[in-house]
$ cat start_1.pdb   # PDB, C-alpha atoms
ATOM      1  CA  MET O 249       0.000   0.000   0.000
ATOM      2  CA  SER O 250       1.211   3.474  -0.788
ATOM      3  CA  ASP O 251       2.362   5.638   2.082
ATOM      4  CA  GLU O 252       1.702   8.836   0.168
ATOM      5  CA  CYS O 253      -0.389  11.446   1.856
ATOM      6  CA  ILE O 254      -2.076  14.763   1.295
ATOM      7  CA  ARG O 255      -0.500  17.274   3.652
ATOM      8  CA  LEU O 256      -2.332  20.403   4.751
ATOM      9  CA  GLU O 257      -0.820  23.080   6.947
ATOM     10  CA  PHE O 258      -2.644  25.910   8.670
ATOM     11  CA  LYS O 259      -1.736  28.839  10.815
ATOM     12  CA  VAL O 260      -4.272  29.312  13.594
ATOM     13  CA  ASP O 261      -4.707  32.981  14.452
ATOM     14  CA  SER O 262      -4.619  34.109  18.043
ATOM     15  CA  GLU O 263      -7.807  35.268  19.703
ATOM     16  CA  ASN O 264      -9.605  35.465  16.390
ATOM     17  CA  PHE O 265     -12.906  33.811  17.158
ATOM     18  CA  ALA O 266     -14.427  34.947  13.894
ATOM     19  CA  SER O 267     -12.101  32.747  11.873
ATOM     20  CA  ALA O 268     -11.762  29.971  14.456
ATOM     21  CA  GLY O 269     -12.771  26.736  12.824
ATOM     22  CA  SER O 270     -11.644  27.701   9.333
ATOM     23  CA  ALA O 271      -8.834  25.126   9.321
ATOM     24  CA  SER O 272     -11.251  22.420  10.498
ATOM     25  CA  GLU O 273     -13.719  23.408   7.785
ATOM     26  CA  ALA O 274     -11.029  23.232   5.117
ATOM     27  CA  VAL O 275     -10.035  19.754   6.294
ATOM     28  CA  LYS O 276     -13.643  18.649   6.369
ATOM     29  CA  THR O 277     -14.166  19.862   2.810
ATOM     30  CA  GLN O 278     -11.037  18.055   1.640
ATOM     31  CA  LEU O 279     -12.068  14.783   3.322
ATOM     32  CA  LYS O 280     -15.529  14.976   1.783
ATOM     33  CA  LEU O 281     -13.996  15.550  -1.645
ATOM     34  CA  LEU O 282     -11.916  12.419  -1.127
ATOM     35  CA  GLY O 283     -15.113  10.469  -0.470
ATOM     36  CA  ILE O 284     -14.337   9.685   3.177
ATOM     37  CA  ASN O 285     -17.473   8.500   4.987
ATOM     38  CA  SER O 286     -19.350  11.120   6.978
ATOM     39  CA  HIS O 287     -18.811   9.426  10.360
ATOM     40  CA  ASP O 288     -15.029   9.602   9.972
ATOM     41  CA  VAL O 289     -15.202  13.136   8.590
ATOM     42  CA  ARG O 290     -17.190  14.211  11.625
ATOM     43  CA  ARG O 291     -14.688  12.649  14.032
ATOM     44  CA  VAL O 292     -11.782  14.463  12.406
ATOM     45  CA  ALA O 293     -13.720  17.733  12.271
ATOM     46  CA  ILE O 294     -14.675  17.604  15.964
ATOM     47  CA  ALA O 295     -11.179  16.687  17.172
ATOM     48  CA  MET O 296      -9.579  19.333  15.036
ATOM     49  CA  TYR O 297     -12.058  22.094  15.871
ATOM     50  CA  GLU O 298     -11.629  21.540  19.594
ATOM     51  CA  GLY O 299      -7.872  21.697  19.176
ATOM     52  CA  GLU O 300      -8.111  24.799  17.067
ATOM     53  CA  ILE O 301     -10.325  26.529  19.633
ATOM     54  CA  ASN O 302      -7.968  25.562  22.438
ATOM     55  CA  MET O 303      -5.102  27.217  20.593
ATOM     56  CA  VAL O 304      -7.161  30.382  20.104
ATOM     57  CA  ILE O 305      -8.325  30.523  23.724
ATOM     58  CA  HIS O 306      -5.218  29.457  25.576
ATOM     59  CA  ALA O 307      -2.175  29.739  23.377
ATOM     60  CA  LYS O 308      -2.294  32.808  21.157
ATOM     61  CA  GLY O 309      -2.617  30.605  18.119
ATOM     62  CA  GLY O 310      -0.346  27.985  16.651
ATOM     63  CA  THR O 311      -0.029  25.652  13.709
ATOM     64  CA  ALA O 312      -2.070  22.686  12.570
ATOM     65  CA  VAL O 313      -0.682  20.039  10.233
ATOM     66  CA  VAL O 314      -3.037  17.449   8.815
ATOM     67  CA  GLU O 315      -1.836  14.437   6.854
ATOM     68  CA  ILE O 316      -4.447  12.379   5.083
ATOM     69  CA  TYR O 317      -3.357   8.822   4.324
ATOM     70  CA  GLN O 318      -5.359   6.093   2.658
ATOM     71  CA  ASN O 319      -6.411   4.554   5.961
ATOM     72  CA  ARG O 320      -5.879   7.274   8.555
ATOM     73  CA  VAL O 321      -5.643  10.982   9.244
ATOM     74  CA  ASP O 322      -2.819  12.348  11.397
ATOM     75  CA  ILE O 323      -3.283  15.725  13.044
ATOM     76  CA  THR O 324      -0.509  17.650  14.779
ATOM     77  CA  LEU O 325      -1.383  20.821  16.660
ATOM     78  CA  ALA O 326       1.500  22.848  18.016
ATOM     79  CA  ASP O 327       1.516  26.058  19.999
ATOM     80  CA  ARG O 328       3.823  28.185  22.066
ATOM     81  CA  GLY O 329       1.256  28.874  24.744
ATOM     82  CA  PRO O 330       1.564  28.557  28.515
ATOM     83  CA  GLY O 331       1.501  24.766  28.434
ATOM     84  CA  ILE O 332      -0.658  22.390  30.480
ATOM     85  CA  ALA O 333       0.566  21.933  34.036
ATOM     86  CA  ASP O 334      -1.538  18.860  34.853
ATOM     87  CA  ILE O 335      -2.597  16.907  31.770
ATOM     88  CA  ASP O 336      -4.677  14.339  33.703
ATOM     89  CA  LEU O 337      -6.680  17.137  35.279
ATOM     90  CA  ALA O 338      -7.076  18.912  31.931
ATOM     91  CA  MET O 339      -8.459  15.683  30.435
ATOM     92  CA  LYS O 340     -11.285  15.539  32.990
ATOM     93  CA  GLU O 341     -14.707  16.375  31.602
ATOM     94  CA  GLY O 342     -15.887  19.674  33.028
ATOM     95  CA  TYR O 343     -12.456  20.978  34.001
ATOM     96  CA  SER O 344     -11.666  24.276  32.311
ATOM     97  CA  THR O 345      -9.391  27.235  32.846
ATOM     98  CA  ALA O 346     -11.189  29.393  30.269
ATOM     99  CA  PRO O 347     -11.897  32.926  31.538
ATOM    100  CA  ASP O 348     -15.414  34.353  31.844
ATOM    101  CA  ASN O 349     -15.293  36.319  28.584
ATOM    102  CA  ILE O 350     -14.603  33.052  26.745
ATOM    103  CA  ARG O 351     -17.380  31.227  28.572
ATOM    104  CA  GLU O 352     -19.804  33.917  27.505
ATOM    105  CA  LEU O 353     -19.097  32.901  23.909
ATOM    106  CA  GLY O 354     -20.205  29.344  24.696
ATOM    107  CA  PHE O 355     -16.759  27.833  25.182
ATOM    108  CA  GLY O 356     -15.140  26.654  28.393
ATOM    109  CA  ALA O 357     -17.388  23.681  29.147
ATOM    110  CA  GLY O 358     -14.313  21.596  29.870
ATOM    111  CA  MET O 359     -15.188  19.241  27.017
ATOM    112  CA  GLY O 360     -12.476  20.148  24.522
ATOM    113  CA  LEU O 361      -9.746  17.652  25.340
ATOM    114  CA  PRO O 362     -12.244  14.881  26.255
ATOM    115  CA  ASN O 363     -13.977  15.414  22.894
ATOM    116  CA  MET O 364     -10.647  15.173  21.124
ATOM    117  CA  LYS O 365      -9.840  11.945  22.937
ATOM    118  CA  LYS O 366     -13.273  10.474  22.235
ATOM    119  CA  ASN O 367     -13.151  11.226  18.526
ATOM    120  CA  THR O 368      -9.650   9.940  17.814
ATOM    121  CA  ASP O 369      -8.042   6.508  17.888
ATOM    122  CA  GLU O 370      -4.788   7.780  19.325
ATOM    123  CA  MET O 371      -3.970  11.001  21.123
ATOM    124  CA  ARG O 372      -0.760  12.121  22.739
ATOM    125  CA  ILE O 373      -0.086  15.403  24.518
ATOM    126  CA  VAL O 374       3.402  16.764  24.979
ATOM    127  CA  SER O 375       3.397  19.914  27.046
ATOM    128  CA  ASN O 376       6.045  21.988  28.745
ATOM    129  CA  PRO O 377       4.776  24.790  30.971
ATOM    130  CA  GLY O 378       6.116  28.074  29.667
ATOM    131  CA  VAL O 379       7.198  26.554  26.357
ATOM    132  CA  GLY O 380       4.101  25.218  24.639
ATOM    133  CA  THR O 381       1.966  22.229  23.821
ATOM    134  CA  THR O 382       1.936  19.785  20.940
ATOM    135  CA  ILE O 383      -0.942  17.378  20.467
ATOM    136  CA  TYR O 384      -0.736  14.410  18.123
ATOM    137  CA  MET O 385      -3.957  12.742  17.064
ATOM    138  CA  LYS O 386      -4.723   9.865  14.754
ATOM    139  CA  VAL O 387      -8.106   8.957  13.310
ATOM    140  CA  ASN O 388      -8.401   5.627  11.527
ATOM    141  CA  LEU O 389     -10.532   5.733   8.402
ATOM    142  CA  THR O 390     -13.120   2.980   8.232
TER     143      THR O 390
ATOM    144  CA  MET G  76     -39.778  17.254   8.671
ATOM    145  CA  ASP G  77     -37.844  19.909   6.836
ATOM    146  CA  ILE G  78     -36.699  23.465   7.526
ATOM    147  CA  ASN G  79     -39.720  25.101   5.891
ATOM    148  CA  LYS G  80     -42.159  22.963   7.896
ATOM    149  CA  LEU G  81     -40.239  23.613  11.108
ATOM    150  CA  THR G  82     -40.283  27.355  10.424
ATOM    151  CA  GLU G  83     -44.059  27.226  10.071
ATOM    152  CA  LEU G  84     -44.444  25.019  13.149
ATOM    153  CA  LEU G  85     -42.463  27.453  15.328
ATOM    154  CA  SER G  86     -43.956  30.603  13.752
ATOM    155  CA  ALA G  87     -40.324  31.431  13.178
ATOM    156  CA  GLU G  88     -38.708  34.189  11.200
ATOM    157  CA  VAL G  89     -36.233  33.094   8.559
ATOM    158  CA  LYS G  90     -32.976  35.022   8.834
ATOM    159  CA  ASN G  91     -31.243  32.955   6.201
ATOM    160  CA  LEU G  92     -32.397  29.937   4.265
ATOM    161  CA  GLY G  93     -29.882  27.761   2.500
ATOM    162  CA  GLU G  94     -31.142  24.520   1.046
ATOM    163  CA  ASN G  95     -34.456  23.299   2.516
ATOM    164  CA  LYS G  96     -32.780  20.412   4.322
ATOM    165  CA  LYS G  97     -34.422  17.534   6.149
ATOM    166  CA  VAL G  98     -34.706  17.817   9.922
ATOM    167  CA  GLU G  99     -34.510  14.363  11.467
ATOM    168  CA  THR G 100     -34.122  15.301  15.133
ATOM    169  CA  GLY G 101     -33.203  18.138  17.475
ATOM    170  CA  TYR G 102     -30.614  19.195  19.999
ATOM    171  CA  CYS G 103     -30.843  21.770  22.800
ATOM    172  CA  GLY G 104     -27.835  23.455  24.367
ATOM    173  CA  ASP G 105     -25.621  26.502  24.426
ATOM    174  CA  PHE G 106     -22.187  25.119  25.207
ATOM    175  CA  LEU G 107     -20.440  24.783  21.871
ATOM    176  CA  SER G 108     -18.388  21.718  22.747
ATOM    177  CA  PHE G 109     -21.497  19.839  23.756
ATOM    178  CA  ALA G 110     -23.343  20.800  20.585
ATOM    179  CA  MET G 111     -20.284  20.037  18.503
ATOM    180  CA  SER G 112     -19.961  16.468  19.662
ATOM    181  CA  ARG G 113     -23.574  15.636  20.447
ATOM    182  CA  ALA G 114     -25.884  17.447  18.039
ATOM    183  CA  PRO G 115     -26.749  14.749  15.495
ATOM    184  CA  SER G 116     -26.273  15.475  11.826
ATOM    185  CA  GLN G 117     -29.483  16.633  10.128
ATOM    186  CA  SER G 118     -30.735  18.070  13.405
ATOM    187  CA  ALA G 119     -32.313  21.364  14.383
ATOM    188  CA  TRP G 120     -30.109  23.029  17.010
ATOM    189  CA  PHE G 121     -32.122  25.012  19.544
ATOM    190  CA  THR G 122     -29.978  27.607  21.274
ATOM    191  CA  VAL G 123     -29.827  31.166  22.577
ATOM    192  CA  MET G 124     -26.157  31.483  21.641
ATOM    193  CA  SER G 125     -25.949  33.858  18.709
ATOM    194  CA  ASN G 126     -22.279  34.558  17.957
ATOM    195  CA  VAL G 127     -20.291  33.562  14.893
ATOM    196  CA  ASN G 128     -18.927  30.378  16.439
ATOM    197  CA  VAL G 129     -22.416  28.882  16.251
ATOM    198  CA  ALA G 130     -21.965  28.809  12.466
ATOM    199  CA  ALA G 131     -18.635  26.968  12.665
ATOM    200  CA  VAL G 132     -20.081  24.343  14.996
ATOM    201  CA  SER G 133     -23.171  23.897  12.812
ATOM    202  CA  LEU G 134     -21.081  23.441   9.710
ATOM    203  CA  LEU G 135     -18.740  20.932  11.284
ATOM    204  CA  ALA G 136     -21.537  18.958  12.947
ATOM    205  CA  ASP G 137     -23.757  18.985   9.822
ATOM    206  CA  VAL G 138     -26.626  20.615  11.673
ATOM    207  CA  SER G 139     -29.527  21.273   9.263
ATOM    208  CA  VAL G 140     -30.810  24.475  10.862
ATOM    209  CA  ILE G 141     -29.915  26.816  13.720
ATOM    210  CA  VAL G 142     -33.017  27.739  15.697
ATOM    211  CA  LEU G 143     -32.444  30.823  17.842
ATOM    212  CA  CYS G 144     -34.942  30.747  20.677
ATOM    213  CA  GLU G 145     -36.660  33.299  22.904
ATOM    214  CA  ASN G 146     -36.515  36.084  20.307
ATOM    215  CA  VAL G 147     -32.728  36.017  20.154
ATOM    216  CA  ILE G 148     -31.446  37.302  16.829
ATOM    217  CA  PRO G 149     -28.120  36.425  15.200
ATOM    218  CA  ASP G 150     -25.374  39.000  15.536
ATOM    219  CA  ASP G 151     -24.052  40.444  12.266
ATOM    220  CA  ALA G 152     -21.017  38.175  12.140
ATOM    221  CA  LEU G 153     -23.147  35.054  12.583
ATOM    222  CA  LEU G 154     -25.680  36.131   9.989
ATOM    223  CA  ASN G 155     -22.962  37.031   7.469
ATOM    224  CA  ARG G 156     -21.319  33.681   8.008
ATOM    225  CA  CYS G 157     -24.619  31.831   7.583
ATOM    226  CA  VAL G 158     -25.253  33.678   4.323
ATOM    227  CA  SER G 159     -21.789  32.968   2.944
ATOM    228  CA  GLU G 160     -21.887  29.294   3.954
ATOM    229  CA  GLY G 161     -25.511  28.659   2.976
ATOM    230  CA  LEU G 162     -26.444  27.796   6.548
ATOM    231  CA  SER G 163     -30.063  28.166   7.587
ATOM    232  CA  VAL G 164     -30.902  30.179  10.677
ATOM    233  CA  ILE G 165     -34.385  30.907  11.987
ATOM    234  CA  CYS G 166     -35.655  32.796  15.041
ATOM    235  CA  THR G 167     -38.580  31.861  17.238
ATOM    236  CA  LYS G 168     -40.272  33.355  20.262
ATOM    237  CA  TYR G 169     -40.442  29.953  21.946
ATOM    238  CA  SER G 170     -37.895  28.677  24.477
ATOM    239  CA  ALA G 171     -35.614  25.784  23.556
ATOM    240  CA  TYR G 172     -37.791  23.509  25.698
ATOM    241  CA  GLU G 173     -40.988  24.613  23.998
ATOM    242  CA  ALA G 174     -39.586  24.580  20.480
ATOM    243  CA  ALA G 175     -37.949  21.177  20.863
ATOM    244  CA  GLY G 176     -41.179  19.896  22.411
ATOM    245  CA  MET G 177     -43.153  21.117  19.409
ATOM    246  CA  LEU G 178     -40.749  19.381  17.018
ATOM    247  CA  PHE G 179     -40.882  16.204  19.069
ATOM    248  CA  VAL G 180     -44.678  16.089  19.069
ATOM    249  CA  ALA G 181     -44.872  16.861  15.345
ATOM    250  CA  MET G 182     -42.420  14.123  14.491
ATOM    251  CA  LYS G 183     -44.066  11.673  16.836
ATOM    252  CA  ASN G 184     -47.363  12.344  15.086
ATOM    253  CA  GLU G 185     -45.626  11.548  11.828
ATOM    254  CA  GLU G 186     -44.373   8.372  13.583
ATOM    255  CA  LYS G 187     -40.880   9.306  12.531
ATOM    256  CA  TYR G 188     -39.279   9.706  15.888
ATOM    257  CA  CYS G 189     -38.421   7.591  18.858
ATOM    258  CA  LEU G 190     -36.042   8.430  21.661
ATOM    259  CA  PRO G 191     -32.574   6.957  21.306
ATOM    260  CA  GLU G 192     -31.461   4.574  24.025
ATOM    261  CA  ARG G 193     -29.312   6.117  26.763
TER     262      ARG G 193
END
$ encode --input "start_1.pdb" --output "structure tokens"
Amino acid sequence: MSDECIRLEFKVDSENFASAGSASEAVKTQLKLLGINSHDVRRVAIAMYEGEINMVIHAKGGTAVVEIYQNRVDITLADRGPGIADIDLAMKEGYSTAPDNIRELGFGAGMGLPNMKKNTDEMRIVSNPGVGTTIYMKVNLT
Amino acid sequence: MDINKLTELLSAEVKNLGENKKVETGYCGDFLSFAMSRAPSQSAWFTVMSNVNVAAVSLLADVSVIVLCENVIPDDALLNRCVSEGLSVICTKYSAYEAAGMLFVAMKNEEKYCLPER
């Protein structure tokens, strides 16, 4: 089987809620064009959108790299934000450090990372407080 | 059920109508992460959240129509985004509870709805 992939790279703007989600939408469109089934497309879109929003809220933006292989999609989200001090705590449903002005927009339910975990087949977080966070996710295509 | 029928059912005002999509079910909630992961595709999303991020979530979750409840109207950014993306958004005077209840009863009468198992 070929190991070739389609590689997409996005810059996620900081604190720009108007454009937040544009990278996820572009990936969704690309996956649909490739004929990927809607269940898998939705999983990728949810995981990526949550990651994108996290970068906007917490990390002053970052980069998203998406590689679409024949049987999987790899997503790498990297930022130079404050980092996550306690990853286990951050993974708990309902835990959020989002400020009030973000919550007023409908974010900050503490479901971002859990949603990413739930909608991917593999997820790994590498975070150094003060340096940044990189999240690797893999979604198998069915 | 479709968007036009739902609009009539809720005495709603159409702010933008894309394609007259099917509405198979509904979802109530204002937290975007909940809606994102739990609103079923082809659903009507009943909410009072009216900022531009509602459009992004609707697009990614394949929501058929955004139903803004309790006379909430979309802000300019949301409306512009709905227009450019062909997303349907309607406004009703009813609360999310009332509007979802009306959809539920209408679909039950059509024998096209049963509650999913929890």
$ closest_atom_pairs --input "start_1.pdb" --of "chain G" --to "chain O" --cutoff "7 Å" --atoms "all atoms listed in the file" --output "CSV"
residue,atom,partner,partner_atom,distance
G:Asp105,CA,O:Gly354,CA,6.1
G:Phe106,CA,O:Gly354,CA,4.7
G:Leu107,CA,O:Gly354,CA,5.4
G:Ser108,CA,O:Met359,CA,5.9
G:Met111,CA,O:Ile294,CA,6.6
G:Ser112,CA,O:Ile294,CA,6.6
G:Asn126,CA,O:Leu353,CA,6.9
G:Val127,CA,O:Ala266,CA,6.1
G:Asn128,CA,O:Ala266,CA,6.9
G:Ala131,CA,O:Gly269,CA,5.9
G:Leu135,CA,O:Ala293,CA,6.0
G:Ala136,CA,O:Arg290,CA,6.6
$ resolve_selection --input "start_1.pdb" --expression "the PyMOL selection byres ((chain G and resi 101) around 7)" --output "list in words"
Thr100, Tyr102, Cys103, Ser118, Ala119, Trp120 and Ala175 of chain G
$ residues_around --input "start_1.pdb" --residues "G:Lys96" --least-positions-apart "5" --cutoff "6 Å" --atoms "only C-alpha atoms" --output "VMD selection string"
chain G and resid 77 to 78 139
$ write_last_selection --input "start_1.pdb" --atoms "C-alpha atoms" --output "mmCIF file, keeping the file's coordinate frame"
data_model
loop_
_atom_site.group_PDB
_atom_site.id
_atom_site.type_symbol
_atom_site.label_atom_id
_atom_site.label_comp_id
_atom_site.auth_asym_id
_atom_site.auth_seq_id
_atom_site.Cartn_x
_atom_site.Cartn_y
_atom_site.Cartn_z
ATOM 1 C CA ASP G 77 -37.844 19.909 6.836
ATOM 2 C CA ILE G 78 -36.699 23.465 7.526
ATOM 3 C CA SER G 139 -29.527 21.273 9.263
#
$ closest_residue --input "start_1.pdb" --among "G:Ser133, G:Ser159, G:Ser170, G:Asn184" --to "G:Gly93" --atoms "all atoms listed in the file"
G:Ser159
$ resolve_selection --input "start_1.pdb" --expression "the PyMOL selection byres ((chain O and resi 331-333) around 7)" --output "list in words"
Gly329, Pro330, Asp334, Ile335, Ser375, Asn376, Pro377, Gly378, Val379, Gly380 and Thr381 of chain O
$ atom_distance --input "start_1.pdb" --atom1 "atom CA of O:Leu279" --atom2 "atom CA of O:Val321"
9.5 Å
$ closest_residue --input "start_1.pdb" --among "O:Ile254, O:Ile350, O:Ile383, O:Val374" --to "O:Glu315" --atoms "only C-alpha atoms"
O:Ile254
$ resolve_selection --input "start_1.pdb" --expression "the PyMOL selection byres ((chain O and resi 253) around 10)" --output "PyMOL selection string"
chain O and resi 250-252+254-256+314-318+320-322
$ write_last_selection --input "start_1.pdb" --atoms "C-alpha atoms" --output "compact mmCIF listing (two decimals), in the coordinates of the input"
# COMPACT_ATOMS: atom_id res chain seq x y z
CA SER O 250 1.21 3.47 -0.79
CA ASP O 251 2.36 5.64 2.08
CA GLU O 252 1.70 8.84 0.17
CA ILE O 254 -2.08 14.76 1.30
CA ARG O 255 -0.50 17.27 3.65
CA LEU O 256 -2.33 20.40 4.75
CA VAL O 314 -3.04 17.45 8.82
CA GLU O 315 -1.84 14.44 6.85
CA ILE O 316 -4.45 12.38 5.08
CA TYR O 317 -3.36 8.82 4.32
CA GLN O 318 -5.36 6.09 2.66
CA ARG O 320 -5.88 7.27 8.56
CA VAL O 321 -5.64 10.98 9.24
CA ASP O 322 -2.82 12.35 11.40
$ atom_distance --input "start_1.pdb" --atom1 "atom CA of G:Thr122" --atom2 "atom CA of G:Tyr172"
9.9 Å
$ residues_near_point --input "start_1.pdb" --point "(-29.8, 29.2, 25.9)" --cutoff "8 Å" --atoms "all atoms listed in the file" --output "list in words"
Gly104, Asp105, Phe121, Thr122, Val123, Met124, Cys144 and Ala171 of chain G
$ atom_distance --input "start_1.pdb" --atom1 "atom CA of G:Met76" --atom2 "atom CA of G:Met182"
7.1 Å
$ residues_near_point --input "start_1.pdb" --point "(-6.9, 31.2, 26.5)" --cutoff "8 Å" --atoms "all atoms listed in the file" --output "PyMOL selection string"
chain O and resi 263+302-308+345-347+350
$ write_last_selection --input "start_1.pdb" --atoms "C-alpha atoms" --output "short mmCIF file (atom, residue, chain, number, x, y, z; two decimals), keeping the file's coordinate frame"
data_model
loop_
_atom_site.label_atom_id
_atom_site.label_comp_id
_atom_site.auth_asym_id
_atom_site.auth_seq_id
_atom_site.Cartn_x
_atom_site.Cartn_y
_atom_site.Cartn_z
CA GLU O 263 -7.81 35.27 19.70
CA ASN O 302 -7.97 25.56 22.44
CA MET O 303 -5.10 27.22 20.59
CA VAL O 304 -7.16 30.38 20.10
CA ILE O 305 -8.32 30.52 23.72
CA HIS O 306 -5.22 29.46 25.58
CA ALA O 307 -2.17 29.74 23.38
CA LYS O 308 -2.29 32.81 21.16
CA THR O 345 -9.39 27.24 32.85
CA ALA O 346 -11.19 29.39 30.27
CA PRO O 347 -11.90 32.93 31.54
CA ILE O 350 -14.60 33.05 26.74
#
$ closest_residue --input "start_1.pdb" --among "G:Glu173, G:Glu192, G:Glu186, G:Glu160" --to "G:Val142" --atoms "only C-alpha atoms"
G:Glu173
$ residues_around --input "start_1.pdb" --residues "G:Asn146" --least-positions-apart "6" --cutoff "7 Å" --atoms "all atoms listed in the file" --output "mmCIF file with C-alpha atoms, in the frame of the given file"
data_model
loop_
_atom_site.group_PDB
_atom_site.id
_atom_site.type_symbol
_atom_site.label_atom_id
_atom_site.label_comp_id
_atom_site.auth_asym_id
_atom_site.auth_seq_id
_atom_site.Cartn_x
_atom_site.Cartn_y
_atom_site.Cartn_z
ATOM 1 C CA CYS G 166 -35.655 32.796 15.041
ATOM 2 C CA THR G 167 -38.580 31.861 17.238
ATOM 3 C CA LYS G 168 -40.272 33.355 20.262
#
$ closest_residue --input "start_1.pdb" --among "G:Glu99, G:Asp150, G:Asp137, G:Glu145" --to "G:Leu81" --atoms "all atoms listed in the file"
G:Glu99
$ residues_around --input "start_1.pdb" --residues "O:Val313" --least-positions-apart "3" --cutoff "9 Å" --atoms "only C-alpha atoms" --output "PDB file with C-alpha atoms, keeping the file's coordinate frame"
ATOM      1  CA  ARG O 255      -0.500  17.274   3.652  1.00  0.00           C
ATOM      2  CA  LEU O 256      -2.332  20.403   4.751  1.00  0.00           C
ATOM      3  CA  GLU O 257      -0.820  23.080   6.947  1.00  0.00           C
ATOM      4  CA  PHE O 258      -2.644  25.910   8.670  1.00  0.00           C
ATOM      5  CA  LYS O 259      -1.736  28.839  10.815  1.00  0.00           C
ATOM      6  CA  ASP O 322      -2.819  12.348  11.397  1.00  0.00           C
ATOM      7  CA  ILE O 323      -3.283  15.725  13.044  1.00  0.00           C
ATOM      8  CA  THR O 324      -0.509  17.650  14.779  1.00  0.00           C
ATOM      9  CA  LEU O 325      -1.383  20.821  16.660  1.00  0.00           C
ATOM     10  CA  ALA O 326       1.500  22.848  18.016  1.00  0.00           C
TER      11      ALA O 326
END
$ closest_residue --input "start_1.pdb" --among "G:Glu88, G:Lys187, G:Ala181, G:Lys80" --to "G:Leu143" --atoms "only C-alpha atoms"
G:Glu88
$ decode --input "start_1.pdb" --residues "stretch 90-101 of chain G" --atoms "N, CA, C and O atoms" --output "JSON list (two decimals), in the first residue's frame"
[["chain", "number", "residue", "atom", "x", "y", "z"],
["G", 90, "LYS", "N", -34.04, 34.02, 8.99],
["G", 90, "LYS", "CA", -32.98, 35.02, 8.83],
["G", 90, "LYS", "C", -32.10, 34.69, 7.64],
["G", 90, "LYS", "O", -31.59, 35.57, 6.96],
["G", 91, "ASN", "N", -31.90, 33.40, 7.44],
["G", 91, "ASN", "CA", -31.24, 32.96, 6.20],
["G", 91, "ASN", "C", -31.68, 31.53, 5.91],
["G", 91, "ASN", "O", -31.74, 30.70, 6.81],
["G", 92, "LEU", "N", -32.02, 31.29, 4.66],
["G", 92, "LEU", "CA", -32.40, 29.94, 4.27],
["G", 92, "LEU", "C", -31.45, 29.46, 3.18],
["G", 92, "LEU", "O", -31.38, 30.05, 2.10],
["G", 93, "GLY", "N", -30.70, 28.41, 3.52],
["G", 93, "GLY", "CA", -29.88, 27.76, 2.50],
["G", 93, "GLY", "C", -30.80, 26.78, 1.78],
["G", 93, "GLY", "O", -31.93, 27.10, 1.45],
["G", 94, "GLU", "N", -30.33, 25.59, 1.63],
["G", 94, "GLU", "CA", -31.14, 24.52, 1.05],
["G", 94, "GLU", "C", -32.22, 24.13, 2.07],
["G", 94, "GLU", "O", -31.96, 24.17, 3.27],
["G", 95, "ASN", "N", -33.41, 23.75, 1.59],
["G", 95, "ASN", "CA", -34.46, 23.30, 2.52],
["G", 95, "ASN", "C", -34.17, 21.87, 2.96],
["G", 95, "ASN", "O", -34.77, 20.92, 2.48],
["G", 96, "LYS", "N", -33.25, 21.74, 3.93],
["G", 96, "LYS", "CA", -32.78, 20.41, 4.32],
["G", 96, "LYS", "C", -33.79, 19.68, 5.19],
["G", 96, "LYS", "O", -34.64, 20.28, 5.84],
["G", 97, "LYS", "N", -33.62, 18.36, 5.25],
["G", 97, "LYS", "CA", -34.42, 17.53, 6.15],
["G", 97, "LYS", "C", -34.02, 17.81, 7.59],
["G", 97, "LYS", "O", -32.84, 18.07, 7.88],
["G", 98, "VAL", "N", -34.97, 17.72, 8.48],
["G", 98, "VAL", "CA", -34.71, 17.82, 9.92],
["G", 98, "VAL", "C", -35.16, 16.50, 10.54],
["G", 98, "VAL", "O", -36.34, 16.19, 10.56],
["G", 99, "GLU", "N", -34.19, 15.71, 10.97],
["G", 99, "GLU", "CA", -34.51, 14.36, 11.47],
["G", 99, "GLU", "C", -34.67, 14.31, 12.97],
["G", 99, "GLU", "O", -35.26, 13.40, 13.51],
["G", 100, "THR", "N", -34.08, 15.30, 13.67],
["G", 100, "THR", "CA", -34.12, 15.30, 15.13],
["G", 100, "THR", "C", -33.70, 16.69, 15.63],
["G", 100, "THR", "O", -33.52, 17.60, 14.82],
["G", 101, "GLY", "N", -33.58, 16.84, 16.93],
["G", 101, "GLY", "CA", -33.20, 18.14, 17.47],
["G", 101, "GLY", "C", -32.16, 18.02, 18.56],
["G", 101, "GLY", "O", -31.90, 16.93, 19.07]]
